[in-house]
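Listing of final23.txt; format and content: compact mmCIF, N, CA and C atoms.
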# COMPACT_ATOMS: atom_id res chain seq x y z
N MET A 287 -108.06 7.20 77.28
CA MET A 287 -109.25 7.45 78.03
C MET A 287 -110.05 8.60 77.42
N VAL A 288 -109.32 9.57 76.87
CA VAL A 288 -110.00 10.70 76.23
C VAL A 288 -110.88 10.19 75.11
N GLY A 289 -110.34 9.31 74.29
CA GLY A 289 -111.09 8.80 73.15
C GLY A 289 -112.28 7.95 73.55
N THR A 290 -112.12 7.12 74.56
CA THR A 290 -113.22 6.26 74.99
C THR A 290 -114.34 7.07 75.60
N GLY A 291 -113.99 8.04 76.40
CA GLY A 291 -115.02 8.91 76.98
C GLY A 291 -115.78 9.67 75.92
N GLU A 292 -115.07 10.08 74.89
CA GLU A 292 -115.70 10.79 73.77
C GLU A 292 -116.64 9.85 73.01
N ALA A 293 -116.22 8.61 72.81
CA ALA A 293 -117.05 7.66 72.07
C ALA A 293 -118.35 7.35 72.80
N ALA A 294 -118.36 7.48 74.11
CA ALA A 294 -119.59 7.22 74.88
C ALA A 294 -120.69 8.20 74.51
N LEU A 295 -120.33 9.36 73.99
CA LEU A 295 -121.34 10.36 73.65
C LEU A 295 -122.19 9.95 72.45
N ASP A 296 -121.77 8.92 71.70
CA ASP A 296 -122.60 8.44 70.60
C ASP A 296 -123.85 7.72 71.10
N HIS A 297 -123.85 7.31 72.35
CA HIS A 297 -125.00 6.62 72.92
C HIS A 297 -125.95 7.63 73.56
N PRO A 298 -127.24 7.30 73.63
CA PRO A 298 -128.19 8.22 74.26
C PRO A 298 -127.86 8.45 75.74
N LYS A 299 -128.27 9.63 76.23
CA LYS A 299 -128.02 9.96 77.64
C LYS A 299 -128.69 8.93 78.54
N ARG A 300 -128.01 8.59 79.61
CA ARG A 300 -128.50 7.65 80.63
C ARG A 300 -128.84 6.27 80.07
N SER A 301 -128.27 5.92 78.95
CA SER A 301 -128.52 4.59 78.39
C SER A 301 -127.56 3.58 79.01
N PRO A 302 -127.94 2.31 79.01
CA PRO A 302 -127.04 1.29 79.54
C PRO A 302 -125.70 1.23 78.79
N ALA A 303 -125.74 1.48 77.49
CA ALA A 303 -124.50 1.45 76.71
C ALA A 303 -123.54 2.55 77.16
N ARG A 304 -124.07 3.73 77.41
CA ARG A 304 -123.22 4.84 77.86
C ARG A 304 -122.68 4.54 79.26
N ARG A 305 -123.51 3.98 80.12
CA ARG A 305 -123.05 3.63 81.47
C ARG A 305 -121.95 2.58 81.42
N ARG A 306 -122.12 1.58 80.54
CA ARG A 306 -121.09 0.54 80.41
C ARG A 306 -119.78 1.14 79.92
N THR A 307 -119.88 2.06 78.97
CA THR A 307 -118.66 2.69 78.45
C THR A 307 -117.97 3.49 79.54
N TYR A 308 -118.71 4.27 80.30
CA TYR A 308 -118.11 5.04 81.39
C TYR A 308 -117.55 4.11 82.48
N ALA A 309 -118.24 3.00 82.74
CA ALA A 309 -117.73 2.03 83.72
C ALA A 309 -116.42 1.42 83.23
N ALA A 310 -116.34 1.15 81.93
CA ALA A 310 -115.10 0.60 81.37
C ALA A 310 -113.95 1.61 81.49
N VAL A 311 -114.25 2.88 81.25
CA VAL A 311 -113.23 3.93 81.40
C VAL A 311 -112.76 4.00 82.85
N ALA A 312 -113.70 4.00 83.78
CA ALA A 312 -113.34 4.06 85.21
C ALA A 312 -112.54 2.83 85.61
N GLY A 313 -112.93 1.66 85.12
CA GLY A 313 -112.18 0.44 85.43
C GLY A 313 -110.76 0.48 84.88
N ALA A 314 -110.61 1.01 83.67
CA ALA A 314 -109.27 1.10 83.08
C ALA A 314 -108.39 2.07 83.86
N VAL A 315 -108.96 3.18 84.29
CA VAL A 315 -108.19 4.16 85.08
C VAL A 315 -107.78 3.55 86.42
N LEU A 316 -108.71 2.85 87.08
CA LEU A 316 -108.38 2.21 88.36
C LEU A 316 -107.33 1.12 88.19
N ALA A 317 -107.46 0.32 87.12
CA ALA A 317 -106.47 -0.74 86.87
C ALA A 317 -105.09 -0.14 86.62
N ASP A 318 -105.04 0.94 85.85
CA ASP A 318 -103.75 1.59 85.58
C ASP A 318 -103.13 2.11 86.87
N ALA A 319 -103.94 2.73 87.70
CA ALA A 319 -103.43 3.26 88.98
C ALA A 319 -102.94 2.12 89.88
N ALA A 320 -103.70 1.03 89.93
CA ALA A 320 -103.30 -0.10 90.78
C ALA A 320 -102.02 -0.75 90.26
N LEU A 321 -101.93 -0.94 88.95
CA LEU A 321 -100.74 -1.58 88.39
C LEU A 321 -99.49 -0.73 88.55
N SER A 322 -99.66 0.58 88.55
CA SER A 322 -98.48 1.43 88.72
C SER A 322 -97.94 1.36 90.15
N GLU A 323 -98.76 0.90 91.09
CA GLU A 323 -98.32 0.79 92.48
C GLU A 323 -97.79 -0.60 92.84
N VAL A 324 -97.87 -1.56 91.92
CA VAL A 324 -97.42 -2.92 92.22
C VAL A 324 -95.95 -2.97 92.64
N PRO A 325 -95.01 -2.30 91.93
CA PRO A 325 -93.61 -2.36 92.39
C PRO A 325 -93.41 -1.83 93.81
N THR A 326 -94.13 -0.80 94.17
CA THR A 326 -94.02 -0.25 95.52
C THR A 326 -94.54 -1.24 96.55
N VAL A 327 -95.67 -1.87 96.27
CA VAL A 327 -96.23 -2.85 97.20
C VAL A 327 -95.29 -4.04 97.34
N ARG A 328 -94.71 -4.50 96.22
CA ARG A 328 -93.77 -5.62 96.28
C ARG A 328 -92.55 -5.27 97.13
N ALA A 329 -92.02 -4.08 96.94
CA ALA A 329 -90.84 -3.67 97.71
C ALA A 329 -91.16 -3.62 99.20
N ILE A 330 -92.30 -3.07 99.55
CA ILE A 330 -92.68 -2.98 100.96
C ILE A 330 -92.90 -4.38 101.54
N ALA A 331 -93.54 -5.27 100.77
CA ALA A 331 -93.78 -6.63 101.24
C ALA A 331 -92.47 -7.39 101.44
N ALA A 332 -91.46 -7.08 100.64
CA ALA A 332 -90.16 -7.74 100.77
C ALA A 332 -89.29 -7.08 101.84
N GLY A 333 -89.78 -6.02 102.46
CA GLY A 333 -89.03 -5.34 103.50
C GLY A 333 -88.03 -4.32 102.99
N ARG A 334 -88.13 -3.97 101.73
CA ARG A 334 -87.24 -2.96 101.15
C ARG A 334 -87.97 -1.63 101.08
N PRO A 335 -87.23 -0.56 101.08
CA PRO A 335 -87.90 0.74 100.88
C PRO A 335 -88.38 0.86 99.44
N PRO A 336 -89.49 1.52 99.21
CA PRO A 336 -89.96 1.68 97.83
C PRO A 336 -88.99 2.54 97.02
N ARG A 337 -89.01 2.30 95.73
CA ARG A 337 -88.13 3.04 94.82
C ARG A 337 -88.57 4.50 94.78
N PRO A 338 -87.67 5.41 95.10
CA PRO A 338 -88.06 6.82 95.04
C PRO A 338 -88.20 7.28 93.59
N VAL A 339 -89.10 8.20 93.38
CA VAL A 339 -89.29 8.75 92.04
C VAL A 339 -88.38 9.97 91.92
N SER A 340 -87.53 9.94 90.91
CA SER A 340 -86.60 11.05 90.74
C SER A 340 -87.36 12.28 90.24
N PRO A 341 -86.86 13.47 90.55
CA PRO A 341 -87.53 14.69 90.08
C PRO A 341 -87.71 14.75 88.55
N PRO A 342 -86.70 14.34 87.75
CA PRO A 342 -86.95 14.37 86.30
C PRO A 342 -88.08 13.43 85.87
N GLU A 343 -88.16 12.24 86.50
CA GLU A 343 -89.25 11.32 86.18
C GLU A 343 -90.59 11.93 86.56
N GLN A 344 -90.62 12.57 87.72
CA GLN A 344 -91.85 13.21 88.19
C GLN A 344 -92.28 14.32 87.23
N GLN A 345 -91.33 15.11 86.77
CA GLN A 345 -91.64 16.20 85.84
C GLN A 345 -92.18 15.65 84.52
N LEU A 346 -91.58 14.55 84.03
CA LEU A 346 -92.06 13.97 82.78
C LEU A 346 -93.47 13.41 82.94
N GLY A 347 -93.74 12.76 84.06
CA GLY A 347 -95.09 12.26 84.31
C GLY A 347 -96.12 13.38 84.39
N MET A 348 -95.74 14.46 85.06
CA MET A 348 -96.64 15.62 85.14
C MET A 348 -96.87 16.24 83.76
N ALA A 349 -95.81 16.34 82.98
CA ALA A 349 -95.95 16.92 81.63
C ALA A 349 -96.86 16.06 80.77
N ALA A 350 -96.70 14.74 80.84
CA ALA A 350 -97.57 13.85 80.07
C ALA A 350 -99.02 13.99 80.52
N GLY A 351 -99.23 14.09 81.82
CA GLY A 351 -100.59 14.28 82.33
C GLY A 351 -101.20 15.59 81.87
N LEU A 352 -100.40 16.65 81.89
CA LEU A 352 -100.92 17.95 81.43
C LEU A 352 -101.24 17.94 79.94
N VAL A 353 -100.40 17.27 79.15
CA VAL A 353 -100.68 17.18 77.71
C VAL A 353 -101.99 16.42 77.49
N SER A 354 -102.17 15.32 78.22
CA SER A 354 -103.41 14.54 78.10
C SER A 354 -104.64 15.36 78.50
N VAL A 355 -104.51 16.08 79.60
CA VAL A 355 -105.63 16.93 80.04
C VAL A 355 -105.92 18.01 79.01
N GLY A 356 -104.87 18.57 78.45
CA GLY A 356 -105.04 19.61 77.42
C GLY A 356 -105.81 19.09 76.21
N TRP A 357 -105.42 17.91 75.73
CA TRP A 357 -106.15 17.33 74.59
C TRP A 357 -107.58 17.00 74.98
N GLY A 358 -107.78 16.53 76.21
CA GLY A 358 -109.14 16.24 76.66
C GLY A 358 -110.01 17.48 76.71
N LEU A 359 -109.44 18.57 77.22
CA LEU A 359 -110.20 19.83 77.26
C LEU A 359 -110.49 20.35 75.86
N LEU A 360 -109.50 20.29 74.99
CA LEU A 360 -109.71 20.74 73.61
C LEU A 360 -110.79 19.90 72.93
N THR A 361 -110.76 18.60 73.15
CA THR A 361 -111.77 17.73 72.56
C THR A 361 -113.15 18.05 73.12
N THR A 362 -113.22 18.32 74.41
CA THR A 362 -114.50 18.66 75.03
C THR A 362 -115.07 19.94 74.45
N VAL A 363 -114.23 20.94 74.26
CA VAL A 363 -114.68 22.23 73.73
C VAL A 363 -115.10 22.10 72.27
N ALA A 364 -114.32 21.36 71.49
CA ALA A 364 -114.57 21.27 70.04
C ALA A 364 -115.55 20.17 69.68
N ASP A 365 -115.98 19.39 70.65
CA ASP A 365 -116.82 18.22 70.36
C ASP A 365 -118.11 18.56 69.63
N GLY A 366 -118.88 19.48 70.16
CA GLY A 366 -120.19 19.79 69.57
C GLY A 366 -120.11 20.21 68.12
N PRO A 367 -119.34 21.27 67.81
CA PRO A 367 -119.28 21.71 66.42
C PRO A 367 -118.68 20.67 65.48
N LEU A 368 -117.61 20.01 65.90
CA LEU A 368 -116.99 19.01 65.03
C LEU A 368 -117.90 17.80 64.82
N ALA A 369 -118.60 17.37 65.87
CA ALA A 369 -119.51 16.24 65.73
C ALA A 369 -120.64 16.57 64.77
N ARG A 370 -121.15 17.80 64.83
CA ARG A 370 -122.22 18.18 63.89
C ARG A 370 -121.70 18.19 62.46
N VAL A 371 -120.51 18.71 62.24
CA VAL A 371 -119.93 18.73 60.89
C VAL A 371 -119.75 17.31 60.37
N LEU A 372 -119.21 16.43 61.22
CA LEU A 372 -119.02 15.04 60.80
C LEU A 372 -120.35 14.35 60.52
N ALA A 373 -121.37 14.62 61.34
CA ALA A 373 -122.68 14.01 61.12
C ALA A 373 -123.28 14.49 59.81
N ARG A 374 -123.11 15.78 59.48
CA ARG A 374 -123.63 16.30 58.20
C ARG A 374 -122.92 15.65 57.03
N ARG A 375 -121.67 15.28 57.22
CA ARG A 375 -120.90 14.64 56.14
C ARG A 375 -121.15 13.14 56.06
N GLY A 376 -122.02 12.63 56.91
CA GLY A 376 -122.42 11.23 56.80
C GLY A 376 -121.67 10.26 57.69
N VAL A 377 -120.91 10.75 58.65
CA VAL A 377 -120.21 9.85 59.57
C VAL A 377 -121.24 9.29 60.55
N ALA A 378 -121.32 7.95 60.62
CA ALA A 378 -122.35 7.30 61.43
C ALA A 378 -122.17 7.57 62.93
N ARG A 379 -120.96 7.54 63.41
CA ARG A 379 -120.67 7.76 64.83
C ARG A 379 -119.62 8.86 64.96
N PRO A 380 -120.04 10.11 64.90
CA PRO A 380 -119.07 11.21 64.90
C PRO A 380 -118.25 11.31 66.19
N HIS A 381 -118.87 11.00 67.32
CA HIS A 381 -118.13 11.10 68.59
C HIS A 381 -117.05 10.02 68.67
N ARG A 382 -117.35 8.86 68.12
CA ARG A 382 -116.34 7.80 68.10
C ARG A 382 -115.16 8.21 67.22
N ALA A 383 -115.46 8.81 66.07
CA ALA A 383 -114.38 9.27 65.18
C ALA A 383 -113.53 10.33 65.88
N LEU A 384 -114.19 11.28 66.57
CA LEU A 384 -113.45 12.29 67.32
C LEU A 384 -112.66 11.65 68.46
N GLY A 385 -113.24 10.66 69.10
CA GLY A 385 -112.55 9.97 70.20
C GLY A 385 -111.31 9.25 69.73
N VAL A 386 -111.42 8.57 68.59
CA VAL A 386 -110.25 7.87 68.04
C VAL A 386 -109.16 8.89 67.69
N ALA A 387 -109.57 9.97 67.04
CA ALA A 387 -108.59 11.01 66.67
C ALA A 387 -107.94 11.61 67.91
N ALA A 388 -108.73 11.92 68.92
CA ALA A 388 -108.18 12.50 70.16
C ALA A 388 -107.25 11.52 70.86
N GLY A 389 -107.64 10.25 70.88
CA GLY A 389 -106.80 9.23 71.51
C GLY A 389 -105.47 9.06 70.80
N VAL A 390 -105.51 9.03 69.47
CA VAL A 390 -104.27 8.88 68.70
C VAL A 390 -103.37 10.10 68.90
N VAL A 391 -103.95 11.29 68.82
CA VAL A 391 -103.15 12.51 68.98
C VAL A 391 -102.55 12.57 70.39
N THR A 392 -103.33 12.20 71.40
CA THR A 392 -102.82 12.20 72.77
C THR A 392 -101.68 11.19 72.92
N ALA A 393 -101.87 10.00 72.39
CA ALA A 393 -100.82 8.97 72.50
C ALA A 393 -99.54 9.40 71.78
N VAL A 394 -99.70 9.94 70.59
CA VAL A 394 -98.52 10.36 69.82
C VAL A 394 -97.81 11.53 70.50
N SER A 395 -98.56 12.45 71.06
CA SER A 395 -97.92 13.63 71.67
C SER A 395 -97.30 13.32 73.03
N THR A 396 -97.73 12.27 73.71
CA THR A 396 -97.12 11.93 75.00
C THR A 396 -96.06 10.84 74.88
N LEU A 397 -95.98 10.18 73.73
CA LEU A 397 -95.00 9.10 73.56
C LEU A 397 -93.57 9.55 73.83
N PRO A 398 -93.10 10.70 73.33
CA PRO A 398 -91.72 11.10 73.64
C PRO A 398 -91.47 11.29 75.14
N LEU A 399 -92.48 11.75 75.86
CA LEU A 399 -92.32 11.93 77.30
C LEU A 399 -92.18 10.59 78.01
N TRP A 400 -93.01 9.61 77.64
CA TRP A 400 -92.92 8.29 78.25
C TRP A 400 -91.62 7.60 77.85
N TRP A 401 -91.18 7.82 76.61
CA TRP A 401 -89.92 7.23 76.14
C TRP A 401 -88.76 7.77 76.98
N ARG A 402 -88.75 9.07 77.21
CA ARG A 402 -87.69 9.69 78.01
C ARG A 402 -87.74 9.18 79.45
N ARG A 403 -88.93 9.02 79.98
CA ARG A 403 -89.07 8.50 81.35
C ARG A 403 -88.53 7.08 81.44
N ALA A 404 -88.83 6.26 80.43
CA ALA A 404 -88.30 4.89 80.42
C ALA A 404 -86.78 4.89 80.31
N THR A 405 -86.23 5.81 79.51
CA THR A 405 -84.78 5.92 79.38
C THR A 405 -84.15 6.29 80.72
N LEU A 406 -84.76 7.20 81.45
CA LEU A 406 -84.25 7.57 82.77
C LEU A 406 -84.28 6.38 83.73
N ARG A 407 -85.34 5.59 83.66
CA ARG A 407 -85.44 4.42 84.55
C ARG A 407 -84.40 3.37 84.19
N ILE A 408 -84.17 3.17 82.89
CA ILE A 408 -83.15 2.21 82.47
C ILE A 408 -81.78 2.64 82.98
N ALA A 409 -81.46 3.92 82.84
CA ALA A 409 -80.17 4.43 83.32
C ALA A 409 -80.05 4.25 84.83
N ALA A 410 -81.12 4.50 85.56
CA ALA A 410 -81.09 4.33 87.02
C ALA A 410 -80.91 2.85 87.39
N ASP A 411 -81.58 1.96 86.66
CA ASP A 411 -81.43 0.52 86.92
C ASP A 411 -80.01 0.06 86.64
N GLU A 412 -79.42 0.54 85.54
CA GLU A 412 -78.03 0.17 85.23
C GLU A 412 -77.08 0.69 86.30
N ARG A 413 -77.29 1.91 86.75
CA ARG A 413 -76.47 2.49 87.80
C ARG A 413 -76.59 1.67 89.08
N GLN A 414 -77.81 1.28 89.43
CA GLN A 414 -78.03 0.47 90.63
C GLN A 414 -77.37 -0.90 90.51
N ALA A 415 -77.44 -1.50 89.31
CA ALA A 415 -76.81 -2.81 89.10
C ALA A 415 -75.29 -2.71 89.27
N ARG A 416 -74.69 -1.64 88.75
CA ARG A 416 -73.24 -1.45 88.93
C ARG A 416 -72.89 -1.28 90.40
N GLU A 417 -73.69 -0.49 91.11
CA GLU A 417 -73.43 -0.29 92.54
C GLU A 417 -73.58 -1.59 93.31
N ASP A 418 -74.60 -2.38 92.98
CA ASP A 418 -74.79 -3.67 93.65
C ASP A 418 -73.62 -4.61 93.37
N ALA A 419 -73.13 -4.61 92.12
CA ALA A 419 -71.98 -5.45 91.77
C ALA A 419 -70.73 -5.00 92.53
N ASP A 420 -70.54 -3.69 92.66
CA ASP A 420 -69.39 -3.18 93.41
C ASP A 420 -69.47 -3.58 94.88
N VAL A 421 -70.65 -3.48 95.47
CA VAL A 421 -70.83 -3.86 96.87
C VAL A 421 -70.58 -5.35 97.04
N ALA A 422 -71.10 -6.16 96.11
CA ALA A 422 -70.89 -7.61 96.19
C ALA A 422 -69.41 -7.96 96.08
N ALA A 423 -68.69 -7.29 95.18
CA ALA A 423 -67.26 -7.54 95.04
C ALA A 423 -66.52 -7.12 96.31
N TRP A 424 -66.91 -6.00 96.88
CA TRP A 424 -66.28 -5.52 98.10
C TRP A 424 -66.53 -6.49 99.26
N GLU A 425 -67.76 -6.99 99.36
CA GLU A 425 -68.08 -7.96 100.41
C GLU A 425 -67.32 -9.26 100.21
N ALA A 426 -67.14 -9.68 98.95
CA ALA A 426 -66.37 -10.89 98.67
C ALA A 426 -64.91 -10.71 99.08
N GLU A 427 -64.35 -9.53 98.82
CA GLU A 427 -62.98 -9.25 99.24
C GLU A 427 -62.86 -9.28 100.76
N LEU A 428 -63.82 -8.69 101.44
CA LEU A 428 -63.80 -8.71 102.91
C LEU A 428 -63.89 -10.13 103.45
N ALA A 429 -64.75 -10.94 102.85
CA ALA A 429 -64.89 -12.33 103.29
C ALA A 429 -63.59 -13.09 103.05
N GLU A 430 -62.91 -12.80 101.96
CA GLU A 430 -61.64 -13.46 101.63
C GLU A 430 -60.56 -13.05 102.64
N VAL A 431 -60.53 -11.79 103.01
CA VAL A 431 -59.53 -11.30 103.97
C VAL A 431 -59.78 -11.90 105.35
N GLU A 432 -61.05 -12.05 105.73
CA GLU A 432 -61.38 -12.58 107.05
C GLU A 432 -61.05 -14.05 107.20
N ARG A 433 -60.89 -14.77 106.12
CA ARG A 433 -60.58 -16.20 106.20
C ARG A 433 -59.19 -16.35 106.62
This structure in C-alpha cells:
Amino acid sequence: MVGTGEAALDHPKRSPARRRTYAAVAGAVLADAALSEVPTVRAIAAGRPPRPVSPPEQQLGMAAGLVSVGWGLLTTVADGPLARVLARRGVARPHRALGVAAGVVTAVSTLPLWWRRATLRIAADERQAREDADVAAWEAELAEVER
C-alpha cells in the first residue's frame, strides 16, 4: 500500500487518475481487512467460538504494522527530495519508482515477521489436531466400554 500510494503522486492533484489510485488503495485495504475476518465469521456462523489470537501472534502482527508504518513515514519524508533527484536524472515517473522501492523494502522487511506468525499458527493447528485426535480416541474408548 505504501508503494501504491506513493505512485499516485505522479498524477496531477485532484485528477481522476489520482482518485482512482487512491480508491484502489482503499479498496485493497478494505478487502484485506474483510478477508482477515472470514475465519472468525465462519466460526461464529458454525456455532463455534472464534479462534483466539495468541499474544506472540499479536506481537508479530503489531511489529509488522509498525515496520510498515515506519517505511511509509520515511518514504513520505524523503519523497520530495528523492523524487526531484530522480526527475533530474531522467526518470519519467519518480514517485512510481520510489513507490516500488518502498513497497519492496516493506515487503522484504516484514516477511520474517509474517513467516514466524505462520509458523506459530501451524504449530497451534498441529497441537489442536493432536488434542482432537486424543479426545476422539477417548470418546471411542468410552463408547466401547458402554457397549
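Among the candidates A:Val327, A:Leu397, A:Val391, A:Arg379, the one nearest to Leu295 in chain A when counting only N, CA and C atoms is A:Arg379.
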message = Would you compute the distance between atom C of Arg370 in chain A and atom C of Ala388 in chain A? Give it in Å to one decimal.
response =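 Computed distance, atom C of Arg370 in chain A to atom C of Ala388 in chain A, equals 18.0 Å.
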task = Name the residues in contact with Thr396 in chain A at a cut-off of 8 Å, using all atoms listed in the file, excluding same-chain residues fewer than 3 positions from it; report them as a ChimeraX atom specification.
result = /A:349-351,353-354,390-393,399-402
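Here atom N of Tyr308 in chain A and atom N of Asp296 in chain A stand 10.2 Å from one another.
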key: A:Leu372, A:Ala387, A:Met348, A:Val339 ranked by distance to Arg407 in chain A, top pick (using only C-alpha atoms)   =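 The shortest atom-to-atom distance to Arg407 in chain A comes from A:Val339.
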request  = Step one, run DSSP on the backbone; step two, keep only residues of chain A assigned to alpha helix (DSSP H); then write them as a ChimeraX atom specification.
outcome  = /A:288-293,302-322,324-331,341-374,380-432
Could you write out as AutoDock Vina command-line options the box around range 326-329 of chain A (axis-aligned, all atoms listed in the file, 5 Å on each side), with centre and edge lengths in Å to one decimal?
--center_x -93.5 --center_y -2.9 --center_z 96.7 --size_x 15.4 --size_y 15.4 --size_z 15.0
message = I'd like the interatomic distance between CA of Glu343 in chain A and atom N of Leu406 in chain A, to a tenth of an Å.
response = 7.7 Å
Taking only C-alpha atoms, show range 335-413 of chain A of the given structure as a PDB file, in the first residue's frame.
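The result, written out as decode_37.pdb:
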ATOM      1  CA  PRO A 335     -16.092 -19.710  19.388  1.00  0.00           C
ATOM      2  CA  PRO A 336     -13.695 -17.707  17.219  1.00  0.00           C
ATOM      3  CA  ARG A 337     -10.051 -18.665  17.268  1.00  0.00           C
ATOM      4  CA  PRO A 338      -8.270 -16.580  19.892  1.00  0.00           C
ATOM      5  CA  VAL A 339      -5.186 -14.701  18.810  1.00  0.00           C
ATOM      6  CA  SER A 340      -2.206 -15.714  20.883  1.00  0.00           C
ATOM      7  CA  PRO A 341      -0.072 -12.949  22.398  1.00  0.00           C
ATOM      8  CA  PRO A 342       3.008 -13.886  20.299  1.00  0.00           C
ATOM      9  CA  GLU A 343       0.900 -13.709  17.113  1.00  0.00           C
ATOM     10  CA  GLN A 344      -0.486 -10.365  18.209  1.00  0.00           C
ATOM     11  CA  GLN A 345       3.011  -9.023  18.897  1.00  0.00           C
ATOM     12  CA  LEU A 346       4.243 -10.150  15.481  1.00  0.00           C
ATOM     13  CA  GLY A 347       1.279  -8.508  13.755  1.00  0.00           C
ATOM     14  CA  MET A 348       1.895  -5.278  15.654  1.00  0.00           C
ATOM     15  CA  ALA A 349       5.605  -5.377  14.814  1.00  0.00           C
ATOM     16  CA  ALA A 350       4.859  -5.875  11.114  1.00  0.00           C
ATOM     17  CA  GLY A 351       2.397  -2.983  11.211  1.00  0.00           C
ATOM     18  CA  LEU A 352       4.912  -0.718  12.912  1.00  0.00           C
ATOM     19  CA  VAL A 353       7.611  -1.614  10.375  1.00  0.00           C
ATOM     20  CA  SER A 354       5.191  -0.817   7.534  1.00  0.00           C
ATOM     21  CA  VAL A 355       4.211   2.491   9.114  1.00  0.00           C
ATOM     22  CA  GLY A 356       7.881   3.324   9.629  1.00  0.00           C
ATOM     23  CA  TRP A 357       8.709   2.747   5.973  1.00  0.00           C
ATOM     24  CA  GLY A 358       5.636   4.747   4.980  1.00  0.00           C
ATOM     25  CA  LEU A 359       6.690   7.689   7.140  1.00  0.00           C
ATOM     26  CA  LEU A 360      10.257   7.531   5.861  1.00  0.00           C
ATOM     27  CA  THR A 361       9.006   7.459   2.276  1.00  0.00           C
ATOM     28  CA  THR A 362       6.709  10.408   2.958  1.00  0.00           C
ATOM     29  CA  VAL A 363       9.543  12.471   4.439  1.00  0.00           C
ATOM     30  CA  ALA A 364      12.084  11.579   1.745  1.00  0.00           C
ATOM     31  CA  ASP A 365       9.643  11.734  -1.167  1.00  0.00           C
ATOM     32  CA  GLY A 366      10.149  15.333  -2.268  1.00  0.00           C
ATOM     33  CA  PRO A 367      13.949  15.438  -2.385  1.00  0.00           C
ATOM     34  CA  LEU A 368      14.335  11.935  -3.817  1.00  0.00           C
ATOM     35  CA  ALA A 369      11.649  12.499  -6.460  1.00  0.00           C
ATOM     36  CA  ARG A 370      13.386  15.692  -7.591  1.00  0.00           C
ATOM     37  CA  VAL A 371      16.748  13.897  -7.838  1.00  0.00           C
ATOM     38  CA  LEU A 372      15.184  11.062  -9.843  1.00  0.00           C
ATOM     39  CA  ALA A 373      13.378  13.531 -12.132  1.00  0.00           C
ATOM     40  CA  ARG A 374      16.656  15.380 -12.798  1.00  0.00           C
ATOM     41  CA  ARG A 375      18.245  12.055 -13.725  1.00  0.00           C
ATOM     42  CA  GLY A 376      15.545  11.437 -16.305  1.00  0.00           C
ATOM     43  CA  VAL A 377      13.197   9.044 -14.510  1.00  0.00           C
ATOM     44  CA  ALA A 378       9.787   9.507 -16.150  1.00  0.00           C
ATOM     45  CA  ARG A 379       7.725   8.630 -13.060  1.00  0.00           C
ATOM     46  CA  PRO A 380       9.872   9.247  -9.989  1.00  0.00           C
ATOM     47  CA  HIS A 381       7.076   8.680  -7.466  1.00  0.00           C
ATOM     48  CA  ARG A 382       6.285   5.312  -9.003  1.00  0.00           C
ATOM     49  CA  ALA A 383       9.953   4.320  -8.767  1.00  0.00           C
ATOM     50  CA  LEU A 384      10.016   5.400  -5.108  1.00  0.00           C
ATOM     51  CA  GLY A 385       6.746   3.565  -4.508  1.00  0.00           C
ATOM     52  CA  VAL A 386       8.063   0.333  -5.981  1.00  0.00           C
ATOM     53  CA  ALA A 387      11.243   0.629  -3.917  1.00  0.00           C
ATOM     54  CA  ALA A 388       9.284   1.386  -0.727  1.00  0.00           C
ATOM     55  CA  GLY A 389       6.894  -1.490  -1.386  1.00  0.00           C
ATOM     56  CA  VAL A 390       9.702  -3.972  -1.988  1.00  0.00           C
ATOM     57  CA  VAL A 391      11.638  -2.837   1.088  1.00  0.00           C
ATOM     58  CA  THR A 392       8.492  -3.011   3.233  1.00  0.00           C
ATOM     59  CA  ALA A 393       7.620  -6.490   1.967  1.00  0.00           C
ATOM     60  CA  VAL A 394      11.146  -7.800   2.464  1.00  0.00           C
ATOM     61  CA  SER A 395      11.476  -6.321   5.945  1.00  0.00           C
ATOM     62  CA  THR A 396       8.124  -7.696   7.162  1.00  0.00           C
ATOM     63  CA  LEU A 397       8.436 -11.136   5.540  1.00  0.00           C
ATOM     64  CA  PRO A 398      10.306 -12.704   8.503  1.00  0.00           C
ATOM     65  CA  LEU A 399       7.587 -11.479  10.861  1.00  0.00           C
ATOM     66  CA  TRP A 400       4.780 -12.966   8.753  1.00  0.00           C
ATOM     67  CA  TRP A 401       6.792 -16.180   8.327  1.00  0.00           C
ATOM     68  CA  ARG A 402       7.146 -16.505  12.102  1.00  0.00           C
ATOM     69  CA  ARG A 403       3.439 -15.793  12.575  1.00  0.00           C
ATOM     70  CA  ALA A 404       2.564 -18.529  10.074  1.00  0.00           C
ATOM     71  CA  THR A 405       4.912 -20.922  11.881  1.00  0.00           C
ATOM     72  CA  LEU A 406       3.144 -20.185  15.175  1.00  0.00           C
ATOM     73  CA  ARG A 407      -0.237 -20.844  13.569  1.00  0.00           C
ATOM     74  CA  ILE A 408       0.955 -24.133  12.066  1.00  0.00           C
ATOM     75  CA  ALA A 409       2.226 -25.272  15.467  1.00  0.00           C
ATOM     76  CA  ALA A 410      -1.091 -24.306  17.086  1.00  0.00           C
ATOM     77  CA  ASP A 411      -3.052 -26.167  14.389  1.00  0.00           C
ATOM     78  CA  GLU A 412      -0.909 -29.288  14.862  1.00  0.00           C
ATOM     79  CA  ARG A 413      -1.380 -29.092  18.628  1.00  0.00           C
TER      80      ARG A 413
END
